[in-house]
file model-v1.txt (compact mmCIF, C-alpha atoms and all ligand atoms)
# COMPACT_ATOMS: atom_id res chain seq x y z
CA MET A 578 59.22 -1.36 -27.98
CA THR A 579 56.63 1.26 -28.71
CA PRO A 580 57.44 4.93 -28.31
CA SER A 581 55.08 5.17 -25.39
CA LYS A 582 56.57 2.25 -23.53
CA ASP A 583 57.36 3.37 -20.06
CA LEU A 584 60.90 4.64 -19.80
CA ALA A 585 60.97 3.47 -16.20
CA ALA A 586 60.64 -0.14 -17.32
CA ILE A 587 63.56 0.19 -19.73
CA VAL A 588 65.65 1.80 -17.03
CA THR A 589 64.89 -0.96 -14.53
CA THR A 590 65.78 -3.69 -17.00
CA ALA A 591 69.00 -1.91 -17.94
CA LEU A 592 70.03 -1.67 -14.29
CA GLU A 593 69.36 -5.32 -13.56
CA GLU A 594 71.33 -6.32 -16.61
CA ALA A 595 74.25 -4.04 -15.68
CA MET A 596 74.50 -5.55 -12.20
CA ARG A 597 74.34 -9.07 -13.60
CA ALA A 598 77.00 -8.36 -16.20
CA ARG A 599 79.31 -6.95 -13.55
CA GLY A 600 79.57 -10.11 -11.45
CA ARG A 601 81.84 -10.44 -8.44
CA LEU A 602 85.61 -10.84 -8.28
CA ASN A 603 87.13 -13.13 -5.64
CA VAL A 604 90.64 -12.12 -4.53
CA LEU A 605 92.79 -14.13 -2.14
CA ILE A 606 95.24 -12.03 -0.12
CA ALA A 607 97.87 -14.10 1.60
CA GLY A 608 100.76 -13.05 3.75
CA ARG A 609 102.09 -13.14 7.25
CA THR A 610 100.59 -11.15 10.06
CA GLY A 611 101.39 -7.46 9.94
CA VAL A 612 102.65 -7.36 6.33
CA GLY A 613 99.92 -4.84 5.54
CA LYS A 614 97.14 -6.87 3.91
CA SER A 615 94.23 -5.00 5.49
CA THR A 616 95.89 -1.65 4.85
CA LEU A 617 96.39 -2.62 1.22
CA VAL A 618 92.74 -3.64 0.83
CA ASN A 619 91.65 -0.28 2.21
CA ALA A 620 94.06 1.59 -0.06
CA VAL A 621 93.03 -0.23 -3.25
CA PHE A 622 89.29 -0.77 -2.85
CA GLN A 623 86.43 1.61 -2.22
CA GLY A 624 84.79 2.12 1.13
CA ARG A 625 87.43 0.91 3.64
CA LEU A 626 86.36 -2.66 2.96
CA ALA A 627 88.71 -4.28 5.50
CA GLU A 628 86.83 -2.61 8.38
CA THR A 629 83.38 -2.15 6.96
CA GLY A 630 82.92 -5.56 5.32
CA GLN A 631 81.40 -8.65 6.90
CA GLY A 632 83.86 -11.40 7.85
CA ARG A 633 83.03 -15.08 7.62
CA PRO A 634 85.55 -17.86 8.43
CA VAL A 635 86.12 -20.22 5.49
CA THR A 636 89.01 -22.18 7.03
CA THR A 637 90.63 -21.82 10.44
CA THR A 638 93.12 -19.35 8.97
CA THR A 639 91.11 -17.66 6.24
CA ARG A 640 88.08 -15.45 6.32
CA GLU A 641 86.00 -14.14 3.49
CA ILE A 642 85.19 -10.43 3.59
CA THR A 643 82.20 -9.23 1.62
CA LYS A 644 79.88 -6.28 1.60
CA GLU A 645 76.28 -6.26 0.45
CA GLY A 646 76.07 -5.12 -3.16
CA PHE A 647 79.87 -4.80 -3.51
CA PRO A 648 81.34 -6.68 -6.52
CA LEU A 649 84.32 -8.09 -4.64
CA ALA A 650 85.07 -10.77 -2.06
CA ILE A 651 88.40 -10.84 -0.25
CA TRP A 652 89.81 -14.05 1.14
CA ASP A 653 92.06 -12.78 3.90
CA THR A 654 94.51 -15.41 5.10
CA ARG A 655 96.50 -15.26 8.28
CA GLY A 656 98.47 -17.63 10.43
CA LEU A 657 101.10 -18.37 7.79
CA GLU A 658 103.71 -18.19 10.50
CA LEU A 659 102.07 -20.58 12.87
CA GLY A 660 103.50 -24.02 13.61
CA ALA A 661 100.50 -25.64 11.96
CA PHE A 662 101.32 -23.90 8.71
CA GLN A 663 101.28 -26.96 6.52
CA GLN A 664 97.81 -27.97 7.71
CA ALA A 665 96.60 -24.42 7.17
CA VAL A 666 97.86 -24.38 3.60
CA ASP A 667 96.46 -27.85 2.93
CA ALA A 668 93.03 -26.82 4.18
CA LEU A 669 93.07 -23.65 2.09
CA VAL A 670 94.26 -25.39 -1.07
CA ALA A 671 91.71 -28.20 -0.62
CA LEU A 672 88.95 -25.62 -0.44
CA ILE A 673 90.24 -23.76 -3.50
CA ALA A 674 90.54 -27.03 -5.42
CA GLU A 675 86.99 -27.97 -4.54
CA ARG A 676 85.71 -24.61 -5.69
CA ALA A 677 87.77 -24.76 -8.88
CA LYS A 678 85.98 -27.99 -9.79
CA THR A 679 82.57 -26.38 -9.98
CA ALA A 680 81.53 -25.15 -13.38
CA ASP A 681 80.23 -21.98 -11.78
CA ALA A 682 83.14 -19.54 -12.18
CA ARG A 683 81.60 -17.22 -9.59
CA GLN A 684 82.80 -19.72 -6.97
CA HIS A 685 86.41 -19.69 -8.15
CA ILE A 686 89.15 -17.62 -6.60
CA HIS A 687 90.19 -15.47 -9.54
CA VAL A 688 93.53 -14.07 -8.42
CA ALA A 689 95.91 -14.21 -5.43
CA TRP A 690 98.09 -11.46 -4.04
CA LEU A 691 100.93 -12.94 -2.03
CA CYS A 692 102.23 -10.19 0.23
CA ILE A 693 105.80 -10.01 1.50
CA HIS A 694 107.10 -7.19 3.67
CA GLU A 695 110.04 -5.42 2.01
CA ASP A 696 111.86 -4.89 5.30
CA SER A 697 111.87 -8.64 5.94
CA ARG A 698 114.33 -8.94 3.05
CA ARG A 699 113.62 -12.60 2.66
CA VAL A 700 111.14 -14.97 1.14
CA GLN A 701 110.38 -17.90 3.39
CA ASP A 702 110.04 -21.49 2.28
CA VAL A 703 106.38 -21.48 3.36
CA GLU A 704 105.69 -18.54 1.04
CA ILE A 705 107.41 -20.27 -1.86
CA ALA A 706 105.40 -23.45 -1.21
CA LEU A 707 102.17 -21.48 -0.97
CA HIS A 708 102.83 -19.66 -4.24
CA HIS A 709 103.38 -22.95 -6.08
CA ALA A 710 100.18 -24.41 -4.62
CA LEU A 711 98.09 -21.35 -5.46
CA ALA A 712 99.49 -20.95 -8.96
CA THR A 713 97.98 -24.29 -9.94
CA TYR A 714 94.54 -22.75 -9.56
CA MET A 715 94.82 -19.03 -10.21
CA PRO A 716 97.18 -16.28 -11.33
CA VAL A 717 99.41 -15.18 -8.45
CA VAL A 718 100.84 -11.68 -8.13
CA GLY A 719 103.71 -11.14 -5.71
CA VAL A 720 103.23 -7.95 -3.70
CA ILE A 721 106.14 -6.39 -1.83
CA THR A 722 104.55 -4.27 0.87
CA LYS A 723 105.65 -1.13 2.73
CA ALA A 724 108.15 -0.49 -0.06
CA ARG A 725 110.87 1.97 0.78
CA ALA A 726 114.16 0.85 -0.74
CA ASP A 727 114.34 -1.98 -3.21
CA GLN A 728 118.03 -2.85 -3.07
CA GLY A 729 117.51 -5.74 -5.44
CA PHE A 730 114.76 -7.38 -3.37
CA ARG A 731 112.16 -7.35 -6.13
CA ALA A 732 114.46 -9.29 -8.45
CA GLU A 733 115.10 -11.74 -5.63
CA VAL A 734 111.35 -12.23 -5.08
CA GLN A 735 110.84 -12.75 -8.80
CA ARG A 736 113.53 -15.40 -8.80
CA LEU A 737 112.09 -17.22 -5.78
CA LEU A 738 108.46 -17.01 -6.94
CA PRO A 739 108.81 -18.15 -10.56
CA ASP A 740 105.12 -18.98 -10.89
CA ALA A 741 104.06 -15.44 -9.98
CA ARG A 742 102.77 -13.56 -13.01
CA ASN A 743 104.48 -10.44 -11.77
CA VAL A 744 105.92 -8.83 -8.65
CA VAL A 745 104.84 -5.30 -7.67
CA ARG A 746 106.24 -3.03 -4.97
CA VAL A 747 103.56 -1.10 -3.12
CA ARG A 748 103.40 1.51 -0.41
CA ALA A 749 99.84 1.73 0.85
CA LEU A 750 100.45 4.58 3.27
CA GLU A 751 102.42 7.76 3.02
CA GLU A 752 105.74 7.40 4.79
CA VAL A 753 107.28 10.27 6.75
CA LEU A 754 111.04 10.00 7.00
CA ASP A 755 113.37 11.69 9.48
CA GLY A 756 114.09 15.22 8.32
CA GLY A 757 110.53 15.72 7.16
CA HIS A 758 110.73 14.05 3.78
CA THR A 759 107.62 12.14 2.82
CA LEU A 760 107.22 9.24 0.43
CA PRO A 761 103.77 9.17 -1.16
CA PRO A 762 101.83 5.93 -1.67
CA MET A 763 103.04 4.01 -4.71
CA GLY A 764 102.44 0.90 -6.80
CA LEU A 765 98.69 0.68 -6.14
CA THR A 766 97.78 1.68 -9.69
CA ASP A 767 100.24 -0.85 -11.09
CA LEU A 768 98.83 -3.58 -8.86
CA VAL A 769 95.30 -2.92 -10.11
CA GLU A 770 96.31 -2.73 -13.77
CA LEU A 771 98.36 -5.92 -13.55
CA THR A 772 95.51 -7.67 -11.79
CA ALA A 773 93.13 -6.56 -14.54
CA GLU A 774 95.42 -8.25 -17.06
CA VAL A 775 95.50 -11.61 -15.33
CA ILE A 776 91.85 -12.07 -14.32
CA PRO A 777 89.18 -13.35 -16.72
CA GLU A 778 88.06 -10.55 -19.02
CA GLY A 779 84.47 -10.88 -17.85
CA LEU A 780 85.52 -9.82 -14.35
CA ARG A 781 87.36 -6.65 -15.29
CA ARG A 782 84.15 -4.75 -14.83
CA ALA A 783 83.83 -6.00 -11.25
CA LEU A 784 87.43 -4.99 -10.56
CA ALA A 785 86.86 -1.57 -12.14
CA ALA A 786 83.84 -1.01 -9.94
CA ALA A 787 85.50 -2.15 -6.73
CA GLN A 788 88.91 -0.49 -6.98
CA LYS A 789 89.80 3.15 -6.50
CA ALA A 790 93.50 3.13 -7.40
CA SER A 791 93.22 3.35 -11.19
CA VAL A 792 90.69 5.62 -12.85
CA GLU A 793 92.37 4.55 -16.09
CA GLN A 794 91.30 0.93 -15.61
CA LYS A 795 87.72 2.11 -15.06
CA ARG A 796 87.95 4.20 -18.21
CA ARG A 797 89.24 1.27 -20.23
CA VAL A 798 86.35 -0.95 -19.15
CA ALA A 799 83.84 1.83 -19.88
CA HIS A 800 85.40 2.26 -23.29
CA GLY A 801 84.74 -1.43 -23.99
CA ILE A 802 81.10 -1.01 -23.03
CA VAL A 803 80.79 1.97 -25.38
CA GLY A 804 82.25 -0.13 -28.20
CA VAL A 805 79.83 -3.00 -27.65
CA SER A 806 76.89 -0.58 -27.44
CA ALA A 807 77.93 1.23 -30.62
CA THR A 808 78.11 -2.12 -32.41
CA ALA A 809 74.63 -3.01 -31.18
CA ALA A 810 73.34 0.38 -32.33
CA ALA A 811 74.97 -0.06 -35.74
CA ALA A 812 73.30 -3.46 -36.05
CA ALA A 813 69.94 -1.98 -35.10
CA GLY A 814 70.39 0.51 -37.92
CA ALA A 815 71.95 -1.93 -40.38
CA THR A 816 68.97 -1.49 -42.58
CA PRO A 817 68.48 2.26 -42.26
CA ILE A 818 65.60 2.68 -39.90
CA PRO A 819 62.87 5.24 -40.32
CA PHE A 820 63.27 7.89 -37.71
CA SER A 821 59.97 6.86 -36.17
CA ASP A 822 61.61 3.51 -35.34
CA ALA A 823 64.76 5.06 -33.96
CA VAL A 824 63.38 4.42 -30.50
CA LEU A 825 64.93 0.98 -30.96
CA LEU A 826 68.15 2.68 -30.01
CA VAL A 827 66.96 4.01 -26.70
CA PRO A 828 67.33 0.80 -24.66
CA ILE A 829 70.85 0.44 -26.05
CA GLN A 830 71.76 3.94 -24.89
CA ILE A 831 70.24 3.44 -21.49
CA SER A 832 71.94 0.06 -21.01
CA MET A 833 75.20 1.70 -21.93
CA LEU A 834 74.78 4.45 -19.35
CA ALA A 835 73.85 1.86 -16.72
CA GLY A 836 76.85 -0.32 -17.64
CA ILE A 837 79.32 2.56 -17.52
CA SER A 838 77.92 3.73 -14.18
CA SER A 839 78.24 0.29 -12.65
CA ALA A 840 81.75 -0.19 -14.07
CA PHE A 841 82.88 2.96 -12.29
CA GLY A 842 81.38 1.70 -9.04
CA LEU A 843 78.60 4.23 -8.88
CA GLU A 844 75.48 2.65 -7.48
CA PRO A 845 73.15 3.65 -10.26
CA SER A 846 69.55 3.95 -9.10
CA ALA A 847 66.67 4.12 -11.53
CA ALA A 848 66.17 7.72 -10.47
CA PHE A 849 69.78 8.59 -11.25
CA LEU A 850 69.66 6.96 -14.68
CA SER A 851 66.46 8.79 -15.49
CA VAL A 852 68.18 12.02 -14.53
CA LEU A 853 71.02 11.20 -16.95
CA VAL A 854 68.59 10.56 -19.75
CA ALA A 855 66.77 13.75 -18.93
CA ALA A 856 70.05 15.66 -18.94
CA ALA A 857 71.09 14.18 -22.27
CA THR A 858 67.78 15.12 -23.82
CA GLY A 859 67.15 18.40 -22.06
CA SER A 860 63.78 17.22 -20.84
CA THR A 861 62.21 15.87 -17.70
CA GLY A 862 62.90 12.32 -18.81
CA ALA A 863 60.17 10.38 -17.09
CA THR A 864 57.46 11.52 -19.43
CA LEU A 865 59.56 11.58 -22.54
CA GLY A 866 58.83 9.21 -25.38
CA GLY A 867 61.62 7.23 -26.98
CA ARG A 868 61.27 9.16 -30.21
CA ALA A 869 61.86 12.47 -28.51
CA ILE A 870 64.88 11.02 -26.76
CA VAL A 871 66.48 9.97 -30.01
CA GLY A 872 65.67 13.31 -31.57
CA ALA A 873 67.37 15.07 -28.70
CA LEU A 874 70.40 12.76 -28.72
CA LEU A 875 70.88 13.32 -32.42
CA LYS A 876 71.62 16.95 -31.62
CA LEU A 877 74.86 15.72 -30.05
CA ILE A 878 76.16 14.79 -33.47
CA PRO A 879 77.03 17.70 -35.73
CA GLY A 880 74.80 17.65 -38.78
CA ALA A 881 72.65 14.76 -37.64
CA GLY A 882 69.81 17.03 -36.59
CA THR A 883 68.96 17.45 -40.24
CA ILE A 884 67.92 13.81 -40.60
CA VAL A 885 64.69 14.37 -38.71
CA GLY A 886 61.94 12.91 -40.84
CA GLY A 887 64.46 10.87 -42.77
CA VAL A 888 66.26 7.73 -41.77
CA VAL A 889 68.89 6.84 -39.23
CA SER A 890 71.71 4.82 -40.73
CA GLY A 891 73.80 2.31 -38.86
CA ALA A 892 76.71 4.71 -38.95
CA THR A 893 74.65 7.50 -37.43
CA ALA A 894 73.29 5.18 -34.78
CA ALA A 895 76.80 4.06 -33.88
CA ALA A 896 78.15 7.62 -33.86
CA LEU A 897 75.34 8.80 -31.63
CA THR A 898 75.99 5.98 -29.18
CA THR A 899 79.74 6.50 -29.15
CA THR A 900 79.38 10.24 -28.63
CA LEU A 901 77.03 9.83 -25.71
CA GLY A 902 79.09 7.02 -24.16
CA GLU A 903 82.39 8.84 -24.43
CA LEU A 904 80.87 12.02 -23.06
CA TYR A 905 79.54 10.18 -20.03
CA THR A 906 82.81 8.28 -19.53
CA ALA A 907 84.81 11.53 -19.69
CA THR A 908 82.45 12.97 -17.09
CA LEU A 909 83.06 10.08 -14.71
CA VAL A 910 86.82 10.11 -15.29
CA ALA A 911 86.93 13.78 -14.31
CA VAL A 912 84.71 13.35 -11.27
CA PHE A 913 86.49 10.21 -10.02
CA ARG A 914 89.91 11.83 -10.44
CA GLU A 915 88.63 14.65 -8.25
CA SER A 916 87.38 12.21 -5.58
CA HIS A 917 90.55 10.02 -5.73
CA GLY A 918 88.62 7.04 -6.97
CA GLU A 919 85.97 6.95 -4.24
CA ALA A 920 82.38 7.00 -5.45
CA PRO A 921 81.27 10.64 -5.68
CA ASP A 922 77.87 12.05 -4.88
CA VAL A 923 75.63 11.40 -7.89
CA ARG A 924 74.62 15.06 -7.91
CA VAL A 925 78.22 15.97 -8.69
CA VAL A 926 78.14 13.54 -11.62
CA GLU A 927 74.87 15.00 -12.83
CA ARG A 928 76.19 18.56 -12.72
CA GLU A 929 79.38 17.69 -14.60
CA PHE A 930 77.49 15.65 -17.22
CA LYS A 931 75.13 18.56 -17.87
CA ARG A 932 78.04 20.97 -18.14
CA ARG A 933 79.76 18.78 -20.73
CA LEU A 934 76.53 18.24 -22.67
CA GLY A 935 76.04 21.99 -22.70
CA LEU A 936 79.47 22.57 -24.19
CA ARG A 937 78.71 19.96 -26.81
CA THR A 938 75.30 21.17 -27.94
CA ARG A 939 75.88 24.92 -27.71
CA SER A 940 77.41 25.17 -31.17
N1 LIG B 1001 104.59 2.82 6.73
C1 LIG B 1001 103.71 1.93 6.27
N2 LIG B 1001 103.03 1.19 7.15
C2 LIG B 1001 102.15 0.30 6.68
C3 LIG B 1001 101.92 0.14 5.29
N3 LIG B 1001 101.00 -0.82 5.14
C4 LIG B 1001 100.65 -1.23 6.38
N4 LIG B 1001 101.34 -0.55 7.31
C5 LIG B 1001 101.25 -0.71 8.77
O1 LIG B 1001 101.56 -2.04 9.13
C6 LIG B 1001 100.77 -2.48 10.22
C7 LIG B 1001 100.06 -3.79 9.88
O2 LIG B 1001 99.17 -3.56 8.80
P1 LIG B 1001 97.87 -4.46 8.56
O3 LIG B 1001 97.28 -3.94 7.32
O4 LIG B 1001 97.03 -4.50 9.76
O5 LIG B 1001 98.53 -5.88 8.34
P2 LIG B 1001 97.79 -7.27 8.04
O6 LIG B 1001 98.63 -7.97 7.05
O7 LIG B 1001 96.37 -7.05 7.70
O8 LIG B 1001 97.91 -8.02 9.44
P3 LIG B 1001 96.98 -9.21 10.00
O9 LIG B 1001 95.56 -8.84 9.79
O10 LIG B 1001 97.37 -9.30 11.43
O11 LIG B 1001 97.38 -10.45 9.26
C8 LIG B 1001 99.81 -1.34 10.52
O12 LIG B 1001 100.34 -0.60 11.59
C9 LIG B 1001 99.84 -0.52 9.26
O13 LIG B 1001 99.57 0.84 9.52
C10 LIG B 1001 102.67 0.96 4.38
O14 LIG B 1001 102.55 0.89 3.14
N5 LIG B 1001 103.55 1.82 4.92
MG MG B 1002 94.53 -7.75 8.49

call {"tool": "encode", "arguments": {"input": "model-v1.txt", "output": "structure tokens"}}
result
Amino acid sequence: MTPSKDLAAIVTTALEEAMRARGRLNVLIAGRTGVGKSTLVNAVFQGRLAETGQGRPVTTTTREITKEGFPLAIWDTRGLELGAFQQAVDALVALIAERAKTADARQHIHVAWLCIHEDSRRVQDVEIALHHALATYMPVVGVITKARADQGFRAEVQRLLPDARNVVRVRALEEVLDGGHTLPPMGLTDLVELTAEVIPEGLRRALAAAQKASVEQKRRVAHGIVGVSATAAAAAGATPIPFSDAVLLVPIQISMLAGISSAFGLEPSAAFLSVLVAAATGSTGATLGGRAIVGALLKLIPGAGTIVGGVVSGATAAALTTTLGELYTATLVAVFRESHGEAPDVRVVEREFKRRLGLRTRS
């Protein structure tokens, strides 16, 4: 890259790469009618997916819910209680098996949530059979819905669903009891964090982007991106690079910002990313050369400003990248906590990022 290379081109490439790296997670949600599957989907994922997504039948009892640009597909099964249950399960399992055969992991179902209503107080034979069948192909998490009083039911479910990787009690909606007591939603964060543990690592970014129940899981994924970017920056500076070549670091920084944005489930536009770069460098961004960007970013690291005209070592390059990445991640954590995990207005992100940069560079 030359210093004059159009920043817009770097930004566009970084965005495309971030979307590609994110992928799409396929989640199967099984359970009898009325157990609270749709409510759970709306409570865990952004944008009221159960209502706003597009449904497409994949078997007579299962539909696939997707949304343009959203890194998640839900396979919503119903009809478990119908007389034709065995055929329904056979059709579903045959389809899953067929998909599992393809080398393309994007076609696989990556995790199943088997939902059982706590008040039912029993696990039916059909649910046990289904959990065995599913567990051959994917990790299964048992989900006890509308949780109110355990009374030993979770242990019972664990015993009856031995192939389940875990069993979580959830309450997707606030519950108002007689006498005015309320029980707040619960278990949603645990469900997301457990799910993150059992899915392929490469899909944790898709989960982070789609879910709103655990800002911590988003933060963890962002942290991983910062680490990878810092390593790349260190490698770029492995032989100390003359400052005039420090522009080599700029695409790494921009890719990192794009990756973190997409992992949080912000829809990063080129314009937004350019604004971030401009904020980080205190300039108007679009017209800024790579060299000026690096010069400005170096101000984030105490003492590094003095290297101007000298060389940037691998350690400095890594430190610069880590500092910027952690600052941006902390910004998003704060903003997403405020918005309860739903994607905030990008202007709010921009304002908070600038405020934090200001605190950092004032000294
Ligand atoms: N109190 C309480 N009610 C819930 C909870 N989750 C779901 N419900 C209620 O249970 C009913 C059924 O919920 P749905 O989410 O539609 O159930 P479903 O599993 O999608 O049902 P089908 O689509 O028919 O298979 C609705 O009236 C929900 O409001 C919860 O955590 N607590
Ligand atoms: Mg439903």

call {"tool": "residues_around", "arguments": {"input": "model-v1.txt", "residues": "Ala920 of chain A", "least_positions_apart": "5", "cutoff": "10 Å", "atoms": "all atoms listed in the file", "output": "CSV table (one decimal) with C-alpha atoms, keeping the file's coordinate frame"}}
result
chain,number,residue,atom,x,y,z
A,623,GLN,CA,86.4,1.6,-2.2
A,624,GLY,CA,84.8,2.1,1.1
A,786,ALA,CA,83.8,-1.0,-9.9
A,787,ALA,CA,85.5,-2.2,-6.7
A,789,LYS,CA,89.8,3.2,-6.5
A,841,PHE,CA,82.9,3.0,-12.3
A,842,GLY,CA,81.4,1.7,-9.0
A,843,LEU,CA,78.6,4.2,-8.9
A,844,GLU,CA,75.5,2.6,-7.5
A,909,LEU,CA,83.1,10.1,-14.7
A,912,VAL,CA,84.7,13.4,-11.3
A,913,PHE,CA,86.5,10.2,-10.0
A,926,VAL,CA,78.1,13.5,-11.6

call {"tool": "closest_residue", "arguments": {"input": "model-v1.txt", "among": "A:Ala811, A:Leu936, A:Ala895, A:Ile837", "to": "Ala595 of chain A", "atoms": "all atoms listed in the file"}}
result
A:Ile837

call {"tool": "residues_near_ligand", "arguments": {"input": "model-v1.txt", "ligand": "ligand MG 1002 (chain B)", "cutoff": "8 Å", "atoms": "all atoms listed in the file", "output": "number ranges by chain"}}
result
A: 610-611, 613-616, 627, 653, 655

call {"tool": "residues_near_ligand", "arguments": {"input": "model-v1.txt", "ligand": "ligand LIG 1001 (chain B)", "cutoff": "10 Å", "atoms": "all atoms listed in the file", "output": "ChimeraX atom specification"}}
result
/A:606-620,627,638,653-657,692-695,721-725,746-754,760-764

call {"tool": "closest_atom_pairs", "arguments": {"input": "model-v1.txt", "of": "segment 724-802 of chain A", "to": "segment 598-603 of chain A", "cutoff": "7 Å", "atoms": "all atoms listed in the file", "output": "Markdown table"}}
result
| residue | atom | partner | partner_atom | distance |
| --- | --- | --- | --- | --- |
| A:Leu780 | CA | A:Leu602 | CA | 6.2 |
| A:Arg782 | CA | A:Arg599 | CA | 5.5 |
| A:Ala783 | CA | A:Arg599 | CA | 5.2 |
| A:Leu784 | CA | A:Leu602 | CA | 6.5 |

call {"tool": "closest_residue", "arguments": {"input": "model-v1.txt", "among": "A:Glu929, A:Asp740, A:Asp767, A:Asp727", "to": "Glu704 of chain A", "atoms": "only C-alpha atoms"}}
result
A:Asp740

call {"tool": "closest_residue", "arguments": {"input": "model-v1.txt", "among": "A:Leu707, A:Val889, A:Arg676, A:Leu768", "to": "Gln663 of chain A", "atoms": "only C-alpha atoms"}}
result
A:Leu707

call {"tool": "atom_distance", "arguments": {"input": "model-v1.txt", "atom1": "atom CA of Leu672 of chain A", "atom2": "atom CA of Ala741 of chain A"}}
result
20.6 Å

call {"tool": "closest_residue", "arguments": {"input": "model-v1.txt", "among": "A:Leu904, A:Ala857, A:Leu584, A:Val604", "to": "Thr772 of chain A", "atoms": "all atoms listed in the file"}}
result
A:Val604

call {"tool": "residues_around", "arguments": {"input": "model-v1.txt", "residues": "Ala892 of chain A", "least_positions_apart": "6", "cutoff": "10 Å", "atoms": "only C-alpha atoms", "output": "PyMOL selection string"}}
result
chain A and resi 807-808+810-812+814-815+817+898

call {"tool": "write_last_selection", "arguments": {"input": "model-v1.txt", "atoms": "C-alpha atoms", "output": "PDB file, in the frame of the given file"}}
result
ATOM      1  CA  ALA A 807      77.930   1.230 -30.620  1.00  0.00           C
ATOM      2  CA  THR A 808      78.110  -2.120 -32.410  1.00  0.00           C
ATOM      3  CA  ALA A 810      73.340   0.380 -32.330  1.00  0.00           C
ATOM      4  CA  ALA A 811      74.970  -0.060 -35.740  1.00  0.00           C
ATOM      5  CA  ALA A 812      73.300  -3.460 -36.050  1.00  0.00           C
ATOM      6  CA  GLY A 814      70.390   0.510 -37.920  1.00  0.00           C
ATOM      7  CA  ALA A 815      71.950  -1.930 -40.380  1.00  0.00           C
ATOM      8  CA  PRO A 817      68.480   2.260 -42.260  1.00  0.00           C
ATOM      9  CA  THR A 898      75.990   5.980 -29.180  1.00  0.00           C
TER      10      THR A 898
END

call {"tool": "closest_residue", "arguments": {"input": "model-v1.txt", "among": "A:Val717, A:Leu626, A:Leu897, A:Val775", "to": "Glu645 of chain A", "atoms": "only C-alpha atoms"}}
result
A:Leu626

call {"tool": "residues_around", "arguments": {"input": "model-v1.txt", "residues": "Ile831 of chain A", "least_positions_apart": "3", "cutoff": "8 Å", "atoms": "all atoms listed in the file", "output": "list in words"}}
result
Ile587, Val588, Ala591, Val827, Pro828, Leu834, Ala835, Leu850 and Val854 of chain A

call {"tool": "atom_distance", "arguments": {"input": "model-v1.txt", "atom1": "atom CA of Arg797 of chain A", "atom2": "atom CA of Leu901 of chain A"}}
result
15.9 Å

call {"tool": "atom_distance", "arguments": {"input": "model-v1.txt", "atom1": "atom CA of Ile705 of chain A", "atom2": "atom CA of Gly632 of chain A"}}
result
27.0 Å

call {"tool": "closest_residue", "arguments": {"input": "model-v1.txt", "among": "A:Ser851, A:Thr899, A:Thr908, A:Gln684", "to": "Gly801 of chain A", "atoms": "all atoms listed in the file"}}
result
A:Thr899

call {"tool": "residues_around", "arguments": {"input": "model-v1.txt", "residues": "Pro634 of chain A", "least_positions_apart": "5", "cutoff": "10 Å", "atoms": "all atoms listed in the file", "output": "number ranges by chain"}}
result
A: 639-642, 652-654

call {"tool": "residues_around", "arguments": {"input": "model-v1.txt", "residues": "Glu793 of chain A", "least_positions_apart": "2", "cutoff": "9 Å", "atoms": "only C-alpha atoms", "output": "list in words"}}
result
Thr766, Glu770, Ala790, Ser791, Lys795, Arg796, Arg797, Val798 and Val910 of chain A
